[in-house]
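Here the structure comes first, spelled out in structure tokens, and everything after it is commentary.
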Amino acid sequence: MILTGPEIASEVKSGRIQISPFDPRHINPNSYNFHIGQTIKVYEPAVLDAKRSNATRTIKISPEGMVLEPNRLYLGHIEERIGSNNYVPIMKGRSSIGRLGLFINITADLIDQGAFGQWTLQMHAVQPVKIYPGMSIGQMTFWVPIGQPQLYTGKYQNARGPMASLSHKNFQSGDW
């Protein structure tokens, strides 16, 4: 079951969903609009290695905007801190952003129950597109889980700003 917009607002008020900062103007019929933060990370190496930590460069998005180029992965982050011990958040791009040819979430749309943070956006533009800090870029939906919860305690918990891949830690722990 997906929560309706009014139910999302009610659950934020009760503390069962955390969205900070929360603005009721960003509630939709079945989602909450989130906004892009002020920083982007780009990988430095031409070839990324899943077994190693890959160097990144951090770029602050100018108030005048930043053009994202095709054939490049950009790691952004949402401005809000979002999570819930009671629901499973799912992150989606807004259709108006997709219609500009910008994918904000290449693969990881599921946020585990119990995970909280400023979630990293995996952005890819199919043609040059200009973005601005604080612009509404995606939507978070909230789903009711069935069964005994197992709350997230992983390596991305309490993320602040864009986070590069930590896949190399899976190799170190033998969990690959």
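By order in the structure tokens, chains are A, B, ...; within a chain, residues start at 1; ligands start at 1, following the order shown.
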
Residues of stretch 93-169 of chain A that have any atom at most 12 Å from an atom of stretch 4-15 of chain A: could you tabulate them with the shortest-distance atom pair and the distance in Å to one decimal, using only C-alpha atoms, ordered by chain and increasing number, as CSV?
residue,atom,partner,partner_atom,distance
A:Gln139,CA,A:Gly5,CA,11.3
A:Met140,CA,A:Ile8,CA,10.0
A:Thr141,CA,A:Ile8,CA,8.6
A:Phe142,CA,A:Ile8,CA,7.5
A:Trp143,CA,A:Thr4,CA,9.8
A:Val144,CA,A:Thr4,CA,11.4

Selection above as a file: N, CA and C atoms, as a short mmCIF file (atom, residue, chain, number, x, y, z; two decimals), in the first residue's frame:
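Saved as selection.cif:
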data_model
loop_
_atom_site.label_atom_id
_atom_site.label_comp_id
_atom_site.auth_asym_id
_atom_site.auth_seq_id
_atom_site.Cartn_x
_atom_site.Cartn_y
_atom_site.Cartn_z
N GLN A 139 10.46 12.91 -6.25
CA GLN A 139 9.36 12.64 -5.34
C GLN A 139 9.68 11.42 -4.49
N MET A 140 9.27 11.46 -3.24
CA MET A 140 9.41 10.33 -2.34
C MET A 140 8.03 9.78 -2.06
N THR A 141 7.87 8.49 -2.28
CA THR A 141 6.64 7.81 -1.90
C THR A 141 6.94 6.97 -0.67
N PHE A 142 5.89 6.60 0.05
CA PHE A 142 6.05 5.83 1.28
C PHE A 142 5.13 4.63 1.22
N TRP A 143 5.69 3.45 1.45
CA TRP A 143 4.99 2.18 1.30
C TRP A 143 4.93 1.44 2.63
N VAL A 144 3.82 0.74 2.85
CA VAL A 144 3.62 -0.03 4.07
C VAL A 144 4.29 -1.40 3.91
#

message: Give me, as a PyMOL selection string, the residues of stretch 7-170 of chain A that a backbone DSSP run labels strand (DSSP E).
response: chain A and resi 18-20+32-35+39-43+56-60+66-68+74-77+81-83+88-93+102-103+116-117+120-125+129-131+136-143

query: Could you write out, as JSON, numbers by chain, all the residues of chain A that DSSP marks as helix (DSSP H, G or I)?
result: {"A": [5, 6, 7, 8, 9, 10, 11, 12, 13, 14, 24, 25, 26, 95, 96, 97, 98, 167, 168, 169, 170, 171, 172, 173]}

Given only C-alpha atoms as the counted atoms, nearest of A:Glu44, A:Tyr74, A:Pro89, A:His35 to A:Arg16: A:Pro89

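For the choices A:Pro45, A:Gly138, A:Gly101, A:Gly161, the atom-to-atom distance to A:His26 is smallest for A:Gly138 when using only C-alpha atoms.
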
task: Would you kindly return, as an NGL selection string, each protein, DNA or RNA residue with an atom no farther than 12 Å from any atom of A:Glu69, considering only C-alpha atoms and excluding same-chain residues fewer than 2 positions away?
output: :A and (42 or 66-67 or 71-74 or 101-102 or 123-131)

query: atom CA of A:Gly76 to atom CA of A:Gln38: how many Å, to one decimal?
result: 8.1 Å
